[in-house]
Number of protein chains: 4
Amino acid sequence: MKRLDTLKREALEANLALKEKDLIISTWGNVSVYDPDSGLMIIKASGVPYDGMSIDDMVVVKPDGSVIDSAKRPSSDTPTHLYLYRHFAKEGVLSIVHTHSQYATIWAQSCLPLPCYGTTHADYFHGPVPCTREMSGEEIEERYEENTGKVIVEALEETNPIHTSAVLVASHGPFTWGKTANDAVFHAEVLEYVAKMALFNRLLTPAIEPAKQTLSDKHYFRKFGPLAYYGQP
Amino acid sequence: MKRLDTLKREALEANLALKEKDLIISTWGNVSVYDPDSGLMIIKASGVPYDGMSIDDMVVVKPDGSVIDSAKRPSSDTPTHLYLYRHFAKEGVLSIVHTHSQYATIWAQSCLPLPCYGTTHADYFHGPVPCTREMSGEEIEERYEENTGKVIVEALEETNPIHTSAVLVASHGPFTWGKTANDAVFHAEVLEYVAKMALFNRLLTPAIEPAKQTLSDKHYFRKFGPLAYYGQP
Amino acid sequence: MKRLDTLKREALEANLALKEKDLIISTWGNVSVYDPDSGLMIIKASGVPYDGMSIDDMVVVKPDGSVIDSAKRPSSDTPTHLYLYRHFAKEGVLSIVHTHSQYATIWAQSCLPLPCYGTTHADYFHGPVPCTREMSGEEIEERYEENTGKVIVEALEETNPIHTSAVLVASHGPFTWGKTANDAVFHAEVLEYVAKMALFNRLLTPAIEPAKQTLSDKHYFRKFGPLAYYGQP
Amino acid sequence: MKRLDTLKREALEANLALKEKDLIISTWGNVSVYDPDSGLMIIKASGVPYDGMSIDDMVVVKPDGSVIDSAKRPSSDTPTHLYLYRHFAKEGVLSIVHTHSQYATIWAQSCLPLPCYGTTHADYFHGPVPCTREMSGEEIEERYEENTGKVIVEALEETNPIHTSAVLVASHGPFTWGKTANDAVFHAEVLEYVAKMALFNRLLTPAIEPAKQTLSDKHYFRKFGPLAYYGQP
């Protein structure tokens with residue numbers, strides 16, 4: 001099954017890129033990729049370290065969460081990823097990344113959405129990066145990981161997940177996504193970059209307002225969509 | 001005495017890992033490992049630099065603090081380590097790490113416990129990381145290093161040291177520990193990671209409350225204890 | 001055309017230096033160099049990554065913005081660079097750098113000029129680094145990149161661009177320049193360095209005043225101008 | 001003249017160590033070493049970059065500031081170094097380091113002494129690191145570099161320069177020193193380390209008080225002086 005091998009390779013490389021970009025330490029975080037035709041998802045095995053990670057640590061999971069052809073347990077966050085593909089795959093989301101990168105996690109721990117304070121943010125995220133509501137005690141105790149997916153989808157309710165391809169899970173950390181694993185990892189990197197700047201903007205000028213909507217639109221749509229003129233044709 | 005050689009090797013590698021993980025500079029910090037059968041402890045020699053450190057810099061110490069088979073003086077913090085093994089070895093603490101890693105030390109210098117603001121903390125420390133009381137002038141002047149152990153044990157009085165395997169010594173810095181030297185070093189790394197985030201959370205949202213107890217329990221116990229489901233079986 | 005090849009090489013090396021000095025990630029930022037004799041400008045192609053960048057990614061642009069001898073689109077910021085050379089080349093500005101380096105961008109996002117708080121700043125920038133006014137909705141929607149040049153020139157109105165070779169574009173990020181590409185890159189590096197320090201000065205002592213004008217003059221003019229005595233003759 | 005060659009080598013290595021320890025960028029900063037017998041000082045040539053620095057960039061200077069056996073101009077800070085040796089050499093100061101390391105410079109720019117908030121500071125600096133007064137306009141305009149030495153000596157008036165081997169020059173940056181070039185460089189490194197922590201302590205707990213004097217004494221004198229018990233005999 002060549003297709004699956006390619007997806008596994010893509011998932012492995014994306015997981016390793018998280019480490020190289022200093023977005024994770026130890027065994028933290030995970031990347032999944034999704035095949036919309038078969039409904040299969042490839043995700044990192046649970047708790048495996050990035051050093052020495054191999055293709056055998058990429059686990060194939062069916063939509064119901066069962067594992068194909070691997071003795072390894074998939075990431076404990078598997079139900080979150082499956083829930084997100086269920087809702088966002090039709091919009092084009094084919095890869096999801098979860099990290100505990102420090103500055104994005106700080107905003108998540110403070111339960112605050114990340115405002116757009118400038119063009120660096122506007123170039124990649126159209127509007128603020130939302131923060132989920134806190135989960136109830138019941139949602140935490142029962143089906144916790146699936147409920148993480150549920151509050152993410154709620155937080156994105158009025159947002160196109162391809163235009164705002166990131167979320168902060170309250171008291172937890174960021175999830176990002178994209179059309180490819182490369183995109184999803186890159187969004188994790190950009191999110192961390194702008195989260196750091198935005199934090200210090202709040203400390204430097206506590207009354208700071210988001211950048212003008214016109215500027216946010218201009219920068220986003222010069223990069224993405226039919227009128228884009230950034231990059232090579 | 002092969003057993004001692006293995007422990008020395010473990011202590012050396014853990015000391016070197018502190019350097020590699022940017023948790024120490026110069027000669028600062030130390031790692032000890034403890035053998036519950038013989039009551040012997042291996043600890044870094046005092047004031048030796050990490051560059052060029054070798055197995056000969058690992059000193060074997062008896063419970064009364066006397067040195068076996070080495071011309072080198074053990075770490076000046078030896079009485080602290082011995083005091084902690086005396087109280088915590090029965091709980092399973094077999095390795096102790098001391099660093100001056102910057103963000104953990106900042107909390108220690110501000111004499112504040114480190115609250116649990118999110119799942120990154122909850123994944124490894126169950127509840128806040130306590131801060132000791134400040135020592136009295138007498139405690140500092142007489143038997144200072146042993147008294148450091150004493151205030152640590154006091155600070156952990158109502159806490160299982162295996163579930164909360166770290167402490168901040170007021171005006172000083174962090175100690176962490178674990179069942180193995182690897183664990184103790186990793187806890188030092190995680191402590192530094194969450195201490196940095198928590199600092200900025202306090203600056204970003206000064207009124208921030210700790211994460212929900214349910215969330216703290218959920219994350220800790222999905223990793224540790226009989227109901228754990230994180231990682232490979 | 002040997003002269004153009006030399007300029008292309010200079011532009012390429014300067015672009016790569018931005019990456020090496022951690023002033024950019026991904027495809028962000030750009031360097032241009034200007035030939036005052038021919039009026040030609042060399043600038044990075046739009047949206048190309050720094051990894052694997054080659055001489056072929058340096059695009060030659062005529063004063064009217066049209067491209068010579070390249071299938072590649074020049075940086076989307078091309079009209080900004082052209083506008084700046086139109087106004088500043090006669091003062092000796094022959095290279096321009098744009099980055100989203102984090103601390104300079106924080107000041108830009110807070111729409112604040114960067115004050116001179118000490119000799120590190122005074123050694124390279126004579127007086128505060130100005131911040132542009134925010135652009136109007138119309139200026140953003142029509143001829144955005146050229147208008148970016150316009151507000152930069154406005155912000156420098158009473159300033160010698162060779163003495164203050166940097167600007168912060170409100171809600172966006174820094175531009176720096178110099179007589180050579182090396183100078184322009186170095187000014188980007190110094191700007192980031194002093195922007196970080198100045199941010200923490202504001203947090204540490206919110207009422208901080210700029211360094212004395214005498215000190216600013218002393219340090220600038222011991223490095224630059226007829227009375228300079230820093231460096232080798 | 002073998003003795004001078006040895007001192008030059010020592011000065012070169014110490015200059016290079018500043019770069020390796022990330023305490024300087026570009027051509028900034030300098031190290032000098034002093035020979036108390038001949039009264040000669042070796043110091044970095046002015047404005048030379050650290051990359052490619054060689055023994056030929058070490059300039060020998062006589063007590064009156066004139067240069068021996070070199071076509072190169074010594075550091076523009078030469079009169080500061082000479083002034084300090086004139087006052088501190090008899091106390092044992094035989095090497096001086098000047099950097100613009102970021103966190104130490106932040107304290108200098110805020111014109112604040114660096115308080116001792118914990119044992120990391122107390123281990124190397126006995127008491128707060130003083131900050132000089134601001135220089136008058138006249139002191140800046142005439143004999144600026146020598147006057148820098150003058151305000152440093154004033155700031156240390158009631159302090160043993162070997163016990164407090166660092167100073168912050170207001171609106172400028174740190175100078176450190178020691179009995180050897182190694183010591184002086186190490187003090188620059190420790191100063192930067194504790195300056196960063198102390199900054200965040202002030203942000204985290206603005207009302208923070210210095211660590212107890214007893215603790216400061218205990219830590220300093222367990223490392224230095226007749227009662228020291230840290231390190232190897």
# chains A, B, ... in the order shown; residues from 1 in each chain; ligands from 1
>>> residues_around(residues="Pro128 in chain B", least_positions_apart="6", cutoff="6 Å", atoms="only C-alpha atoms", output="list in words")
Leu114, Pro115 and Cys116 of chain B
>>> write_last_selection(atoms="all heavy atoms", output="PDB file, in the first residue's frame")
ATOM      1  N   LEU B 114       5.474  27.527  42.605  1.00  0.00           N
ATOM      2  CA  LEU B 114       5.160  27.591  41.170  1.00  0.00           C
ATOM      3  C   LEU B 114       3.794  26.965  40.943  1.00  0.00           C
ATOM      4  O   LEU B 114       3.640  25.743  41.048  1.00  0.00           O
ATOM      5  CB  LEU B 114       6.233  26.818  40.391  1.00  0.00           C
ATOM      6  CG  LEU B 114       6.057  26.756  38.886  1.00  0.00           C
ATOM      7  CD1 LEU B 114       6.308  28.119  38.256  1.00  0.00           C
ATOM      8  CD2 LEU B 114       7.001  25.728  38.289  1.00  0.00           C
ATOM      9  N   PRO B 115       2.787  27.790  40.605  1.00  0.00           N
ATOM     10  CA  PRO B 115       1.434  27.242  40.438  1.00  0.00           C
ATOM     11  C   PRO B 115       1.323  26.406  39.164  1.00  0.00           C
ATOM     12  O   PRO B 115       2.103  26.593  38.229  1.00  0.00           O
ATOM     13  CB  PRO B 115       0.554  28.495  40.317  1.00  0.00           C
ATOM     14  CG  PRO B 115       1.424  29.664  40.633  1.00  0.00           C
ATOM     15  CD  PRO B 115       2.838  29.236  40.361  1.00  0.00           C
ATOM     16  N   CYS B 116       0.344  25.542  39.137  1.00  0.00           N
ATOM     17  CA  CYS B 116       0.049  24.750  37.940  1.00  0.00           C
ATOM     18  C   CYS B 116      -0.930  25.529  37.069  1.00  0.00           C
ATOM     19  O   CYS B 116      -2.113  25.632  37.392  1.00  0.00           O
ATOM     20  CB  CYS B 116      -0.554  23.408  38.348  1.00  0.00           C
ATOM     21  SG  CYS B 116      -1.116  22.462  36.928  1.00  0.00           S
TER      22      CYS B 116
END
>>> interface_residues(of="chain A", to="chain C", cutoff="7 Å", atoms="only C-alpha atoms", output="list in words")
Tyr117, Gly118, Thr119, Thr120, Met197, Phe200, Asn201, Leu204, Thr205, Ile208, Ala211, Thr214, Leu215, Lys218, Tyr230, Gly231 and Gln232 of chain A
>>> residues_around(residues="range 13-20 of chain D", least_positions_apart="3", cutoff="10 Å", atoms="only C-alpha atoms", output="NGL selection string")
:D and (7-10 or 23-33 or 43-44 or 50-55 or 58 or 95 or 97-99 or 101 or 180-186 or 188-189)
>>> atom_distance(atom1="CA of Ser165 in chain C", atom2="CA of Gly178 in chain C")
6.4 Å
>>> select_by_dssp(residues="range 10-159 of chain C", states="strand (DSSP E or B)", output="number ranges by chain")
C: 30-35, 40-45, 58-61, 67-68, 74, 95-98, 114, 129, 131
>>> atom_distance(atom1="CA of Leu12 in chain D", atom2="CA of Thr132 in chain D")
28.3 Å
>>> atom_distance(atom1="CA of Pro161 in chain C", atom2="CA of Ser66 in chain C")
26.3 Å
>>> select_by_dssp(residues="range 44-221 of chain D", states="alpha helix (DSSP H)", output="PyMOL selection string")
chain D and resi 78-88+102-109+119-122+137-141+144-155+181-204+213-221
